[in-house]
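As C-alpha cells, the structure follows; a few thoughts come after it.
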Amino acid sequence: MLNLSLSNQQLTNIANQYGTPVYVYHAEKIAEQYKNLTTAFAGQDVKIFYACKALTNINILKHLKQLGSNVDCSSINEVKLALHAGFPPDRVVYTSNGIAFSEIEEAQSLGVHINIDSLSNLEKFGKKYGHTYPVGIRLRPNIMAGGNLKISTGHDKSKFGIPIDQINDLLRIIEETDLFIEGLHIHTGSEIKDVEVFIQGIEVLFELIPLFKELAFIDLGGGFKVPYRKGDHQTDITHLAQKVGEAFANHPNPNGRPLQVWFEPGKYLVSGSGYLITQVNVMKQTNATHFVSVNSGFNHLIRPMFYDSYHQITNLSNPEGEEKHYSVVGNICETDTFAWDRKLHEVREGDYLVFANAGAYGFEMSSNFNSRFKPAEVLVKDETFHLIRRRDKFEDLLNNQIEVL
Ligand SMILES: *Cc1c(COP(=O)(O)O)cnc(C)c1O
C-alpha cells in the first residue's frame, strides 16, 4: 500500500466533522513535492509553473504562491483566479489551446505570459501587437509520450500545439508581423515516467533555438508521473534535473544569454496530497462480485471511468478487518466503477472508504450529474483542518436557472 501523508485518524476525524463525500488536501505534502523539484534543480535557472487546471481552489493557489511557485493556466478564468490569488502577472503563463483570439487579447491586457498554439492566432497576435509584446510558441514536437493516448498531447495526430513540420509557415509569420518570440513550449503528455522523453523534446527544440534571436525561455510543460500504488514508477526528478543540466551545458544558446527552463507540473504537485473520503451506502452480493456502493460516483471522481486510472482505496473504519475482494462503485445512474475485484479490509455499511491520489483532476472535474451535490473541500495545514469549500446546498442546483414556466 502507498503510504498516506495523513493518518487514518485524521481522515476519520475530517469525515466525522465535515460529512462525506469530502475532498481533503494536505498542504505540507504539496510543499514537499514543490521542494523536491526546487532541490533537484538547485543551481539551474529553472522556474516551476503549477499547472492549476489540476486543482484551482483559491487556497491551493495561494499556498503555491507562498511556496514561491509560478502558475500555468489553461483558460482566461484560470488566469483571473491566479491574479485573484495574488500572483503578479509575470508569474503567470497562459498556455492556450484552440481558444478565441479575444481571450488572448484579454490575457495581453492583463500582462501575463502567453504561449500561442496556432498559426492563426499567432498571425492575429503579430498583426495587432507586432514587436511590442513578447510571446511564446506552443510547438507540437511529434513525439509519442505519456500514460495512454487520452493523455498524450505531443504526437503527430494531437490537436495541441503548432506541428514542427510547419516551421516554415511559422517563421514567415514571425518575419512578416515582426513578432517578439520569448519562449518555445512543448508539453507532450501526462504520466511521463521516462526522463528520456523530456530530453528528446529538448533535442527537438535545440535545433530550433538558433532561429529565435530573442528567446528567453524553453518551457518543457508538465506530465511528471506520480505513484498510484506501492512500487509504481514515477518520474525520477533528480535524474531529470541532471539530464536537463547536461543537455543545456552541451548546447549553450548560440544567440547569447543562457535560456531559462520552465516546467509546468500539475499532478506532481497536488495528486498525492489529495484524498476523497466516501461512505458506504449499500453492500450487495451478486454472482459476479461483491459490490460496495459508496455515496459518490464519477460525478465526483471521474478518472477511473475516464482514463482507467487506479486509485488506492483504504477502509478507514476497519483497518484490521479480514481482507476480501470487492468491487467499489458509486450511487449514480450510470456505470461508475471505481475499482473491480479489489482487496480491502472487510467492508461494512457505514464504513469510510478513502481514495488516494485524488488531489489532481478530482474535484476539478466534478459535476452535479444526477443533481447531486459536489463534495466539500478541506485543507489540512499545520495539523489544522480548514473548510475551503462548503458542500453544495439545494439552492445551488437552481442557481443560474431561470424559471420561466
Ligand atoms: C495539463 C497540462 C500540464 C500539467 O500536466 P500534469 O500531467 O498534470 O503534470 C502542463 N502543461 C500544460 C500545457 C497542460 O495542458
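Each chain in the C-alpha cells gets a letter, A, B, ..., in the order shown, and its residues are numbered from 1; ligands are numbered from 1 in order too.
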I want to know what sits within 10 Å of stretch 223-236 of chain A, based on only C-alpha atoms, with residues of the same chain fewer than 3 positions away left out; could you give that as a ChimeraX atom specification? /A:1-3,40,51,145-147,151-152,187-195,198,220,239-241,263-272,309-312,356-357
Would you export the selected residues with N, CA, C and O atoms as a short mmCIF file (atom, residue, chain, number, x, y, z; two decimals), in the first residue's frame, please?
data_model
loop_
_atom_site.label_atom_id
_atom_site.label_comp_id
_atom_site.auth_asym_id
_atom_site.auth_seq_id
_atom_site.Cartn_x
_atom_site.Cartn_y
_atom_site.Cartn_z
N MET A 1 0.85 -1.20 0.00
CA MET A 1 0.00 0.00 0.00
C MET A 1 0.88 1.25 0.00
O MET A 1 1.92 1.28 0.62
N LEU A 2 0.42 2.28 -0.70
CA LEU A 2 1.10 3.58 -0.64
C LEU A 2 1.02 4.11 0.78
O LEU A 2 0.01 3.91 1.45
N ASN A 3 2.06 4.80 1.20
CA ASN A 3 1.94 5.48 2.49
C ASN A 3 1.13 6.75 2.30
O ASN A 3 1.47 7.57 1.46
N ALA A 40 15.99 19.53 -6.58
CA ALA A 40 16.61 18.81 -7.70
C ALA A 40 17.22 19.78 -8.70
O ALA A 40 18.28 19.51 -9.26
N ALA A 51 0.60 23.83 -12.95
CA ALA A 51 -0.50 23.74 -13.93
C ALA A 51 -1.81 23.64 -13.16
O ALA A 51 -2.22 22.56 -12.73
N ALA A 145 4.28 10.23 -26.18
CA ALA A 145 4.67 10.11 -24.78
C ALA A 145 3.43 10.13 -23.91
O ALA A 145 2.36 10.57 -24.33
N GLY A 146 3.61 9.67 -22.68
CA GLY A 146 2.51 9.76 -21.73
C GLY A 146 1.88 8.41 -21.46
O GLY A 146 2.11 7.43 -22.17
N GLY A 147 1.06 8.38 -20.40
CA GLY A 147 0.49 7.14 -19.89
C GLY A 147 -0.37 6.40 -20.89
O GLY A 147 -0.31 5.18 -21.01
N ILE A 151 -4.17 10.84 -22.74
CA ILE A 151 -3.42 11.88 -22.03
C ILE A 151 -2.10 12.20 -22.71
O ILE A 151 -1.19 12.75 -22.12
N SER A 152 -2.00 11.84 -24.00
CA SER A 152 -0.82 12.19 -24.79
C SER A 152 -1.14 13.40 -25.65
O SER A 152 -2.21 13.47 -26.25
N HIS A 187 4.57 20.42 -24.51
CA HIS A 187 4.00 19.61 -23.41
C HIS A 187 3.53 18.33 -24.08
O HIS A 187 2.58 18.35 -24.85
N THR A 188 4.24 17.23 -23.81
CA THR A 188 3.99 16.04 -24.62
C THR A 188 2.94 15.10 -24.05
O THR A 188 2.48 14.21 -24.74
N GLY A 189 2.56 15.31 -22.79
CA GLY A 189 1.53 14.44 -22.25
C GLY A 189 1.63 14.33 -20.75
O GLY A 189 2.44 15.00 -20.12
N SER A 190 0.81 13.45 -20.19
CA SER A 190 0.78 13.28 -18.75
C SER A 190 1.27 11.89 -18.39
O SER A 190 1.13 10.96 -19.18
N GLU A 191 1.84 11.76 -17.20
CA GLU A 191 2.33 10.48 -16.69
C GLU A 191 3.51 9.97 -17.51
O GLU A 191 3.56 8.80 -17.90
N ILE A 192 4.45 10.88 -17.77
CA ILE A 192 5.67 10.50 -18.48
C ILE A 192 6.67 10.03 -17.45
O ILE A 192 7.19 10.82 -16.67
N LYS A 193 6.94 8.71 -17.43
CA LYS A 193 7.87 8.24 -16.40
C LYS A 193 9.30 8.24 -16.92
O LYS A 193 10.25 8.26 -16.16
N ASP A 194 9.42 8.29 -18.25
CA ASP A 194 10.73 8.14 -18.85
C ASP A 194 11.38 9.51 -19.08
O ASP A 194 10.93 10.30 -19.90
N VAL A 195 12.46 9.76 -18.35
CA VAL A 195 13.16 11.04 -18.44
C VAL A 195 13.61 11.32 -19.88
O VAL A 195 13.65 12.47 -20.33
N PHE A 198 11.67 13.79 -22.06
CA PHE A 198 11.93 15.23 -21.90
C PHE A 198 13.20 15.61 -22.66
O PHE A 198 13.26 16.66 -23.29
N LEU A 220 9.16 23.25 -20.93
CA LEU A 220 9.05 21.82 -21.22
C LEU A 220 7.74 21.20 -20.73
O LEU A 220 7.59 19.98 -20.73
N HIS A 239 17.21 12.65 -11.56
CA HIS A 239 17.80 12.22 -12.82
C HIS A 239 17.44 13.20 -13.94
O HIS A 239 18.28 13.58 -14.76
N LEU A 240 16.18 13.62 -13.94
CA LEU A 240 15.73 14.58 -14.94
C LEU A 240 16.55 15.87 -14.84
O LEU A 240 17.04 16.39 -15.86
N ALA A 241 16.71 16.36 -13.61
CA ALA A 241 17.44 17.62 -13.40
C ALA A 241 18.87 17.49 -13.92
O ALA A 241 19.40 18.39 -14.58
N PHE A 263 9.07 24.52 -16.24
CA PHE A 263 8.27 23.29 -16.17
C PHE A 263 6.88 23.64 -15.66
O PHE A 263 6.72 24.61 -14.92
N GLU A 264 5.91 22.82 -16.05
CA GLU A 264 4.51 23.09 -15.66
C GLU A 264 3.88 21.84 -15.04
O GLU A 264 2.95 21.27 -15.60
N PRO A 265 4.34 21.41 -13.89
CA PRO A 265 3.74 20.22 -13.29
C PRO A 265 2.38 20.51 -12.66
O PRO A 265 2.21 21.53 -11.99
N GLY A 266 1.43 19.62 -12.91
CA GLY A 266 0.13 19.71 -12.24
C GLY A 266 0.04 18.58 -11.22
O GLY A 266 0.21 18.75 -10.02
N LYS A 267 -0.17 17.37 -11.78
CA LYS A 267 -0.26 16.17 -10.96
C LYS A 267 0.85 16.03 -9.93
O LYS A 267 0.61 15.67 -8.78
N TYR A 268 2.08 16.27 -10.37
CA TYR A 268 3.21 16.04 -9.48
C TYR A 268 3.07 16.84 -8.19
O TYR A 268 3.41 16.36 -7.11
N LEU A 269 2.53 18.05 -8.30
CA LEU A 269 2.44 18.90 -7.11
C LEU A 269 1.26 18.54 -6.22
O LEU A 269 1.36 18.66 -4.99
N VAL A 270 0.14 18.14 -6.80
CA VAL A 270 -1.06 18.02 -5.95
C VAL A 270 -1.71 16.64 -5.90
O VAL A 270 -2.52 16.39 -5.00
N SER A 271 -1.37 15.73 -6.81
CA SER A 271 -2.09 14.44 -6.83
C SER A 271 -2.03 13.73 -5.48
O SER A 271 -3.06 13.43 -4.87
N GLY A 272 -0.81 13.49 -5.00
CA GLY A 272 -0.65 12.70 -3.78
C GLY A 272 -1.07 13.44 -2.51
O GLY A 272 -1.17 12.82 -1.45
N SER A 309 -7.91 5.09 -14.60
CA SER A 309 -6.85 5.36 -13.62
C SER A 309 -7.07 4.54 -12.35
O SER A 309 -8.21 4.17 -12.02
N TYR A 310 -6.00 4.26 -11.68
CA TYR A 310 -6.03 3.46 -10.46
C TYR A 310 -5.95 4.40 -9.26
O TYR A 310 -5.07 5.27 -9.20
N HIS A 311 -6.86 4.24 -8.32
CA HIS A 311 -6.77 4.97 -7.05
C HIS A 311 -6.78 3.95 -5.91
O HIS A 311 -7.70 3.15 -5.82
N GLN A 312 -5.76 4.02 -5.10
CA GLN A 312 -5.74 3.13 -3.94
C GLN A 312 -6.94 3.47 -3.04
O GLN A 312 -7.26 4.63 -2.83
N ALA A 356 -7.02 7.50 -2.61
CA ALA A 356 -5.76 8.25 -2.63
C ALA A 356 -5.56 8.88 -4.01
O ALA A 356 -6.31 8.60 -4.95
N ASN A 357 -4.55 9.73 -4.13
CA ASN A 357 -4.23 10.42 -5.40
C ASN A 357 -5.44 11.17 -5.96
O ASN A 357 -5.68 11.17 -7.17
#
Could you give me, as a VMD selection string, the residues within 7 Å of stretch 337-351 of chain A, counting only C-alpha atoms and dropping anything in the same chain fewer than 2 positions from it? chain A and resid 279 to 283 304 to 305 314 to 315 317 to 330 335 353
Filtering to C-alpha atoms, could you give me those residues as a compact mmCIF listing (two decimals), in the first residue's frame?
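Written file, out_3.txt:
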# COMPACT_ATOMS: atom_id res chain seq x y z
CA GLN A 279 -19.08 6.41 2.99
CA VAL A 280 -20.53 3.00 2.16
CA ASN A 281 -24.27 3.15 1.46
CA VAL A 282 -25.02 -0.44 0.49
CA MET A 283 -23.35 -3.86 0.27
CA PRO A 304 -11.23 5.73 -13.14
CA MET A 305 -14.04 5.79 -15.73
CA THR A 314 -8.43 2.21 2.10
CA ASN A 315 -11.14 1.24 4.56
CA SER A 317 -13.25 2.24 9.57
CA ASN A 318 -11.97 -1.33 9.74
CA PRO A 319 -8.20 -1.25 9.21
CA GLU A 320 -7.67 -4.59 10.97
CA GLY A 321 -10.57 -6.39 9.26
CA GLU A 322 -10.02 -9.54 7.24
CA GLU A 323 -9.07 -8.80 3.62
CA LYS A 324 -11.67 -9.73 1.00
CA HIS A 325 -12.38 -8.86 -2.63
CA TYR A 326 -14.93 -6.20 -3.51
CA SER A 327 -15.98 -4.06 -6.44
CA VAL A 328 -16.33 -0.45 -5.41
CA VAL A 329 -18.99 1.50 -7.30
CA GLY A 330 -20.88 4.75 -6.88
CA THR A 335 -21.86 2.61 -14.60
CA LEU A 353 -13.52 4.43 2.24
Please, which residues of stretch 18-229 of chain A, numbered as in this document, come out alpha helix (DSSP H) from DSSP, as number ranges by chain? A: 18, 27-40, 58-67, 76-84, 101-110, 119-129, 167-177, 195-208
Can you tell me which residues surround stretch 84-99 of chain A at a distance of at most 6 Å, considering only C-alpha atoms, apart from same-chain residues fewer than 6 positions away, and format the answer as a PyMOL selection string? chain A and resi 62+70-74+111-117
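Within the 12 Å cut-off around A:Glu207, using only C-alpha atoms and omitting residues fewer than 5 positions from it on the same chain, the listed residues are Pro141, Ile164, Ile167, Leu184, Gln200, Gly201, Ile202, Phe212, His251, Pro252, Asn253 and Pro254 of chain A.
For the atom pair formed by atom CA of A:Ala27 and atom CA of A:Ala42, the distance is 22.2 Å, given to one decimal.
Closest approach to ligand 1 from the set A:Leu61, A:Leu55, A:Ile104, A:Leu259 is made by A:Leu55, with distances taken over only C-alpha atoms and all ligand atoms.
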